[in-house]
Amino acid sequence: MSSLASSLIPAAFVLIWASGFVAARYVAPYAEPLAFVALRLALVAVVLAGIAFVLRARWPRSRTGWRDGMVAGVLMQGIYVAGVFWSVHRGLPAGIAALVGSLQPLLTAAVSQPLLGERVGPRRWAGIGLGFVGTGLVLGPKLGAVDAAGIPPAALAVSLAAMLAMTAGTLWQKRKGAGADLVTNACLQFVGGTAFAVPLALAAGETHLDPSLPLGLGMAWSVLVNSVGGILLLLALIRRGAVAGVASLLFLVPPVSAVIAYLMFGETLTPIQIAGMAVAAGGVGLASGPQTRSTR
């Protein structure tokens with residue numbers, strides 16, 4: 001892979017991943033969250049299956065291969081995406097949800113050595129720490145405006161569970177999906193996510209979708225750019241790098257989301273938030289740089 005591509009892929013991933021939170025806000029008036037998530041995951045699975053057919057991509061030859069891809073999808077797509085959408089819809093402030101999501105790189109780094117044999121050196125820990133501090137500075141003004149007594153406990157618990165599921169899915173993908181085809185593995189992930197999200201939406205009674213141009217535009221972006229583009233970039237990053245370094249990129253998602261929200265919805269950015277973006281970027285640079293090799 002060329003040095004230019006190696007630089008552009010992480011940047012594109014962060015931008016695309018951050019756009020998903022903005023898309024969620026954009027479509028909120030036109031769809032119940034679990035209904036939107038279920039339809040989105042199903043459509044992505046269909047699109048990826050079509051891409052795999054055109055490319056004549058290699059599908060797993062064993063049941064284990066199919067199972068591994070779908071398990072990762074239940075964790076990374078079904079539980080994580082549905083959990084975040086449900087929590088925010090049930091009153092969890094977006095800033096709190098983003099802060100909970102920012103715990104993932106810390107947890108991933110902590111468990112990647114015993115589970116994957118990846119040694120997390122001082123430089124990576126320093127980068128992860130800086131990333132967390134930078135994210136806190138970006139979210140601080142919003143968190144300060146939230147009364148802790150008003151945070152719904154159930155929504156907070158679901159948001160934490162979603163973060164744990166995303167962490168587990170990232171580790172599972174790194175351990176089990178190393179030899180899988182990128183496109184077919186991504187397709188199986190969304191099949192697994194759909195198999196989880198559809199029954200969940202039906203059980204919760206969330207099936208309302210308001211046919212409208214904004215919903216169509218938001219769904220198209222979520223399916224084609226945020227989901228198809230985002231998951232392919234994420235899997236490519238996981239395959240070529242250590243999961244602790246890849247996870248550290250998520251520290252840039254809240255700052256980039258804040259910039260997009262400023263451009264689209266006029267949300268203001270304070271000097272402290274701008275400084276936090278710079279700190280988070282520096283932390284990601286440290287955590288994503290050359291590290292010591294695996295202990296295995």
# chains A, B, ... in the order shown; residues from 1 in each chain; ligands from 1

call {"tool": "residues_around", "arguments": {"residues": "segment 30-43 of chain A", "least_positions_apart": "5", "cutoff": "6 Å", "atoms": "only C-alpha atoms", "output": "PyMOL selection string"}}
result
chain A and resi 85+190+194+197-198+201+206-210+223

call {"tool": "write_last_selection", "arguments": {"atoms": "all heavy atoms", "output": "short mmCIF file (atom, residue, chain, number, x, y, z; two decimals), in the first residue's frame"}}
result
data_model
loop_
_atom_site.label_atom_id
_atom_site.label_comp_id
_atom_site.auth_asym_id
_atom_site.auth_seq_id
_atom_site.Cartn_x
_atom_site.Cartn_y
_atom_site.Cartn_z
N PHE A 85 -28.21 4.49 18.91
CA PHE A 85 -29.42 5.17 18.45
C PHE A 85 -30.50 5.14 19.53
O PHE A 85 -31.16 6.15 19.79
CB PHE A 85 -29.94 4.50 17.17
CG PHE A 85 -29.38 5.07 15.90
CD1 PHE A 85 -28.04 4.92 15.58
CD2 PHE A 85 -30.19 5.75 15.01
CE1 PHE A 85 -27.51 5.44 14.42
CE2 PHE A 85 -29.68 6.29 13.84
CZ PHE A 85 -28.33 6.13 13.55
N PHE A 190 -22.98 -7.37 8.14
CA PHE A 190 -24.27 -6.68 8.09
C PHE A 190 -25.44 -7.66 8.06
O PHE A 190 -26.53 -7.32 8.51
CB PHE A 190 -24.30 -5.72 6.90
CG PHE A 190 -23.58 -4.43 7.18
CD1 PHE A 190 -22.25 -4.27 6.87
CD2 PHE A 190 -24.24 -3.39 7.81
CE1 PHE A 190 -21.58 -3.09 7.17
CE2 PHE A 190 -23.58 -2.20 8.11
CZ PHE A 190 -22.24 -2.05 7.78
N THR A 194 -28.24 -7.32 10.80
CA THR A 194 -29.65 -7.29 10.43
C THR A 194 -30.44 -8.35 11.19
O THR A 194 -31.56 -8.10 11.67
CB THR A 194 -29.81 -7.52 8.92
OG1 THR A 194 -29.09 -6.51 8.21
CG2 THR A 194 -31.28 -7.47 8.51
N ALA A 197 -30.98 -6.77 14.52
CA ALA A 197 -31.73 -5.51 14.60
C ALA A 197 -33.20 -5.65 14.22
O ALA A 197 -34.05 -4.98 14.81
CB ALA A 197 -31.06 -4.47 13.70
N VAL A 198 -33.51 -6.49 13.24
CA VAL A 198 -34.91 -6.61 12.80
C VAL A 198 -35.80 -7.16 13.90
O VAL A 198 -36.84 -6.56 14.24
CB VAL A 198 -35.01 -7.45 11.51
CG1 VAL A 198 -36.46 -7.79 11.20
CG2 VAL A 198 -34.37 -6.71 10.34
N ALA A 201 -36.25 -4.47 16.61
CA ALA A 201 -37.17 -3.39 16.26
C ALA A 201 -38.62 -3.86 16.35
O ALA A 201 -39.49 -3.12 16.84
CB ALA A 201 -36.87 -2.89 14.84
N GLU A 206 -40.98 -0.61 17.21
CA GLU A 206 -40.47 0.56 16.48
C GLU A 206 -40.37 0.22 14.99
O GLU A 206 -39.37 -0.33 14.54
CB GLU A 206 -39.10 0.98 17.03
CG GLU A 206 -39.17 1.52 18.44
CD GLU A 206 -37.89 2.23 18.86
OE1 GLU A 206 -37.00 2.41 18.00
OE2 GLU A 206 -37.77 2.60 20.03
N THR A 207 -41.42 0.54 14.27
CA THR A 207 -41.47 0.23 12.85
C THR A 207 -41.80 1.43 11.98
O THR A 207 -41.90 1.30 10.76
CB THR A 207 -42.51 -0.88 12.58
OG1 THR A 207 -43.81 -0.42 13.03
CG2 THR A 207 -42.15 -2.16 13.31
N HIS A 208 -41.94 2.62 12.58
CA HIS A 208 -42.39 3.79 11.82
C HIS A 208 -41.25 4.42 11.04
O HIS A 208 -40.19 4.74 11.57
CB HIS A 208 -42.99 4.84 12.75
CG HIS A 208 -43.36 6.11 12.04
ND1 HIS A 208 -44.42 6.18 11.15
CD2 HIS A 208 -42.80 7.35 12.05
CE1 HIS A 208 -44.50 7.41 10.66
NE2 HIS A 208 -43.53 8.13 11.20
N LEU A 209 -41.48 4.61 9.74
CA LEU A 209 -40.58 5.35 8.86
C LEU A 209 -41.44 6.29 8.03
O LEU A 209 -42.42 5.87 7.41
CB LEU A 209 -39.81 4.39 7.93
CG LEU A 209 -38.83 3.43 8.60
CD1 LEU A 209 -38.38 2.37 7.60
CD2 LEU A 209 -37.63 4.19 9.13
N ASP A 210 -41.12 7.57 8.05
CA ASP A 210 -41.89 8.58 7.32
C ASP A 210 -41.29 8.78 5.93
O ASP A 210 -40.20 9.37 5.81
CB ASP A 210 -41.87 9.90 8.10
CG ASP A 210 -42.65 10.99 7.40
OD1 ASP A 210 -43.48 10.66 6.52
OD2 ASP A 210 -42.42 12.18 7.71
N VAL A 223 -26.25 4.40 4.23
CA VAL A 223 -26.00 3.09 3.63
C VAL A 223 -24.74 3.09 2.79
O VAL A 223 -23.82 2.28 2.98
CB VAL A 223 -27.21 2.66 2.77
CG1 VAL A 223 -26.88 1.43 1.93
CG2 VAL A 223 -28.41 2.37 3.67
#

call {"tool": "closest_atom_pairs", "arguments": {"of": "segment 154-179 of chain A", "to": "segment 53-75 of chain A", "cutoff": "8 Å", "atoms": "only C-alpha atoms", "output": "CSV"}}
result
residue,atom,partner,partner_atom,distance
A:Ala165,CA,A:Leu75,CA,4.9
A:Met166,CA,A:Leu75,CA,5.8
A:Ala168,CA,A:Leu75,CA,6.9
A:Gly169,CA,A:Ala72,CA,4.9
A:Thr170,CA,A:Ala72,CA,7.5
A:Trp172,CA,A:Ala72,CA,6.3
A:Gln173,CA,A:Ala72,CA,6.1
A:Lys176,CA,A:Asp68,CA,6.5
A:Gly177,CA,A:Gly69,CA,7.1

call {"tool": "atom_distance", "arguments": {"atom1": "atom CA of Gly83 of chain A", "atom2": "atom CA of Gly129 of chain A"}}
result
25.5 Å

call {"tool": "closest_residue", "arguments": {"among": "A:Gln104, A:Ser159, A:Gln77, A:Thr135", "to": "Ser257 of chain A", "atoms": "only C-alpha atoms"}}
result
A:Thr135

call {"tool": "residues_around", "arguments": {"residues": "Pro153 of chain A", "least_positions_apart": "6", "cutoff": "10 Å", "atoms": "only C-alpha atoms", "output": "count of residues only"}}
result
4

call {"tool": "closest_residue", "arguments": {"among": "A:Val100, A:Pro211, A:Gly131, A:Gly179", "to": "Ala275 of chain A", "atoms": "only C-alpha atoms"}}
result
A:Gly131

call {"tool": "closest_residue", "arguments": {"among": "A:Pro122, A:Gly229, A:Pro29, A:Gly20", "to": "Ser212 of chain A", "atoms": "only C-alpha atoms"}}
result
A:Pro29

call {"tool": "residues_around", "arguments": {"residues": "Gly276 of chain A", "least_positions_apart": "2", "cutoff": "7 Å", "atoms": "only C-alpha atoms", "output": "PyMOL selection string"}}
result
chain A and resi 134-135+137-138+272-274+278-280

call {"tool": "write_last_selection", "arguments": {"atoms": "C-alpha atoms", "output": "PDB file, in the first residue's frame"}}
result
ATOM      1  CA  GLY A 134      -8.620  15.979  23.965  1.00  0.00           C
ATOM      2  CA  THR A 135     -12.034  14.367  23.602  1.00  0.00           C
ATOM      3  CA  LEU A 137     -12.008  19.094  26.218  1.00  0.00           C
ATOM      4  CA  VAL A 138     -14.190  18.946  23.101  1.00  0.00           C
ATOM      5  CA  ILE A 272     -11.329  25.068  24.524  1.00  0.00           C
ATOM      6  CA  GLN A 273     -13.047  22.724  22.062  1.00  0.00           C
ATOM      7  CA  ILE A 274     -10.718  23.763  19.263  1.00  0.00           C
ATOM      8  CA  ALA A 278      -5.598  19.603  18.450  1.00  0.00           C
ATOM      9  CA  VAL A 279      -4.789  17.546  21.560  1.00  0.00           C
ATOM     10  CA  ALA A 280      -6.867  14.604  20.316  1.00  0.00           C
TER      11      ALA A 280
END

call {"tool": "closest_residue", "arguments": {"among": "A:Val84, A:Val183, A:Leu215, A:Ala155", "to": "Val228 of chain A", "atoms": "only C-alpha atoms"}}
result
A:Val183

call {"tool": "closest_residue", "arguments": {"among": "A:Ala154, A:Ile9, A:Leu233, A:Val14", "to": "Leu182 of chain A", "atoms": "only C-alpha atoms"}}
result
A:Leu233

call {"tool": "atom_distance", "arguments": {"atom1": "atom CA of Asp181 of chain A", "atom2": "atom CA of Val47 of chain A"}}
result
15.8 Å

call {"tool": "atom_distance", "arguments": {"atom1": "atom CA of Gly192 of chain A", "atom2": "atom CA of Val44 of chain A"}}
result
11.5 Å
